[in-house]
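A quick write-up on the structure given underneath.
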Amino acid sequence: MTDVAAAARAVLAAAAPADKVRAARTAARAWRCGRLAHGFGVAMPDRPARPAAPLLLPPAQMPKRGRMGSAASRIAMLHALAHIEFVAIDLAFDLIGRFGAAFPRGFVDDWMRVGAEEAMHFALLDRRLRALGSHYGALPAHDGLWQAAADTAHDPLARLAVVPMVLEARGLDITPATIARFEAAGDAVSARILTRILADEIRHVAAGTRWFEHGCESAGFAPVAQWQMLVAAHFRGALKPPFNDSARARAGLTRAYYSAACH
């Protein structure tokens with residue numbers, strides 16, 4: 001029987017977007033149906049496979065997006081969001097394959113679900129781009145997202161602290177305003193997609209917070225202090241308001257974590 005780590009590595013090894021989405025869905029379905037062993041005999045790659053396009057640039061070299069009212073700016077925003085979701089597929093499955101052995105089976109349950117949902121989010125956004133006359137890969141994308149995974153490849157608590165509890169939590173802060181801009185531009189279809197994604201991302205941040213707190217409890221750490229220490233050590237940036245306190249609270253990420261860290 002194939003083990004969980006081998007299935008996770010297959011997702012990371014898939015370069016073409018359609019292949020990565022298919023591998024993510026296949027792995028999640030196989031786990032749910034009991035066709036994967038809870039084993040971790042395969043190492044994760046340092047970097048996942050990537051398609052030839054989009055061109056990946058440092059964040060500082062990314063072209064500026066225009067006002068949301070134009071079709072081109074809406075396509076640029078959807079493309080940026082699609083890239084985030086594409087990388088998020090790999091982040092979920094790398095988390096499973098790299099760190100799953102350190103946690104109970106429920107950890108794999110949660111992150112398989114997250115990985116499948118990230119694949120669905122990407123597919124929705126790519127379909128919307130195609131409906132607007134574009135596609136994923138038509139524009140450049142920034143290459144900073146995987147850096148967080150590389151910086152935390154040695155420590156599951158650092159990975160949980162930075163990826164779901166900082167990067168994905170930031171999505172909770174900015175997505176409502178993005179939805180409002182799409183609505184103001186008359187793009188109700190894109191707004192509905194982002195509303196669906198926002199609801200799922202609250203659960204993803206909740207999974208990260210829950211397993212971070214589980215890991216801290218197992219190691220005898222105080223979660224808030226440990227989170228603040230790990231974020232200071234491994235997050236390349238600053239935590240800046242405004243924060244979506246209500247969405248963060250629904251995910252279990254209380255102000256105690258980030259109110260002091262943002263100063």
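Identifiers in this document derive from the order of the structure tokens: chains are assigned A, B, ..., residues are numbered from 1 separately in each chain, and ligands are numbered from 1 in order of occurrence.
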
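The neighbours of Pro242 in chain A here are the residues that come within 12 Å of it, using only C-alpha atoms and leaving out any residue fewer than 4 positions away in the same chain; they are Ala169, Arg170, Gly171, Leu172, Asp173, Ile174, Thr175, Pro176, Ala177, Ser246, Arg248, Tyr258, Ser259 and Cys262 of chain A.
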
>> Quick one: residues within 9 Å of range 73-89 of chain A, only C-alpha atoms, excluding same-chain residues fewer than 2 positions away - as a ChimeraX atom specification?
In response: /A:11-12,17,20-21,24,48,54,65-71,91-94,114-126,128-129,132-142,145-146,178,182,185,187,190

>> Give me the residues near Ile96 in chain A as a PyMOL selection string, where near means some atom within 8 Å (using only C-alpha atoms) and where sequence neighbours in that chain fewer than 2 positions away do not count.
In response: chain A and resi 4-5+8+92-94+98-100+107-108+111-112

Just list as a compact mmCIF listing (two decimals) with N, CA and C atoms, in the first residue's frame whatever in range 48-245 of chain A DSSP marks as strand (DSSP E).
```
# COMPACT_ATOMS: atom_id res chain seq x y z
N LEU A 56 8.45 33.48 -12.71
CA LEU A 56 8.51 33.79 -11.28
C LEU A 56 9.54 34.89 -11.04
N LEU A 57 9.10 35.96 -10.39
CA LEU A 57 9.94 37.12 -10.14
C LEU A 57 10.05 37.37 -8.63
N ALA A 141 4.42 35.96 -11.78
CA ALA A 141 3.98 35.76 -10.39
C ALA A 141 5.20 35.87 -9.49
N HIS A 142 4.97 36.21 -8.23
CA HIS A 142 6.14 36.37 -7.36
C HIS A 142 6.55 35.05 -6.74
```

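CA of Val205 in chain A sits 20.7 Å away from CA of His154 in chain A.
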
Tell me, as a CSV table (one decimal) with C-alpha atoms, in the first residue's frame, which residues lie within 10 Å of Ala260 in chain A, counting only C-alpha atoms; anything in the same chain fewer than 3 positions away does not count.
```
chain,number,residue,atom,x,y,z
A,228,GLN,CA,5.8,35.3,18.8
A,239,LEU,CA,2.7,42.0,11.0
A,255,ARG,CA,-5.5,39.0,19.5
A,256,ALA,CA,-3.2,37.7,22.2
A,257,TYR,CA,-1.1,36.2,19.5
A,263,HIS,CA,4.2,46.8,17.1
```

Range 206-213 of chain A surroundings by only C-alpha atoms, 6 Å radius, close-in-sequence under 5 positions cut, as a PDB file with N, CA and C atoms, in the first residue's frame:
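Saved to part.pdb:
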```
ATOM      1  N   LEU A 157       6.574  23.409  14.199  1.00  0.00           N
ATOM      2  CA  LEU A 157       5.918  24.528  14.877  1.00  0.00           C
ATOM      3  C   LEU A 157       6.211  25.844  14.152  1.00  0.00           C
ATOM      4  N   LEU A 160       3.935  25.886  11.048  1.00  0.00           N
ATOM      5  CA  LEU A 160       2.545  26.204  11.390  1.00  0.00           C
ATOM      6  C   LEU A 160       2.405  27.665  11.811  1.00  0.00           C
ATOM      7  N   PRO A 164       0.169  28.924   8.016  1.00  0.00           N
ATOM      8  CA  PRO A 164      -1.257  29.196   8.235  1.00  0.00           C
ATOM      9  C   PRO A 164      -1.543  30.379   9.144  1.00  0.00           C
ATOM     10  N   PRO A 223       1.856  28.657  24.074  1.00  0.00           N
ATOM     11  CA  PRO A 223       1.643  28.881  22.633  1.00  0.00           C
ATOM     12  C   PRO A 223       1.880  30.312  22.171  1.00  0.00           C
ATOM     13  N   ALA A 251     -11.175  31.463  13.729  1.00  0.00           N
ATOM     14  CA  ALA A 251     -10.133  30.465  13.479  1.00  0.00           C
ATOM     15  C   ALA A 251      -9.337  30.128  14.729  1.00  0.00           C
ATOM     16  N   GLY A 252      -9.692  30.711  15.874  1.00  0.00           N
ATOM     17  CA  GLY A 252      -8.967  30.447  17.109  1.00  0.00           C
ATOM     18  C   GLY A 252      -7.697  31.259  17.256  1.00  0.00           C
TER      19      GLY A 252
END
```
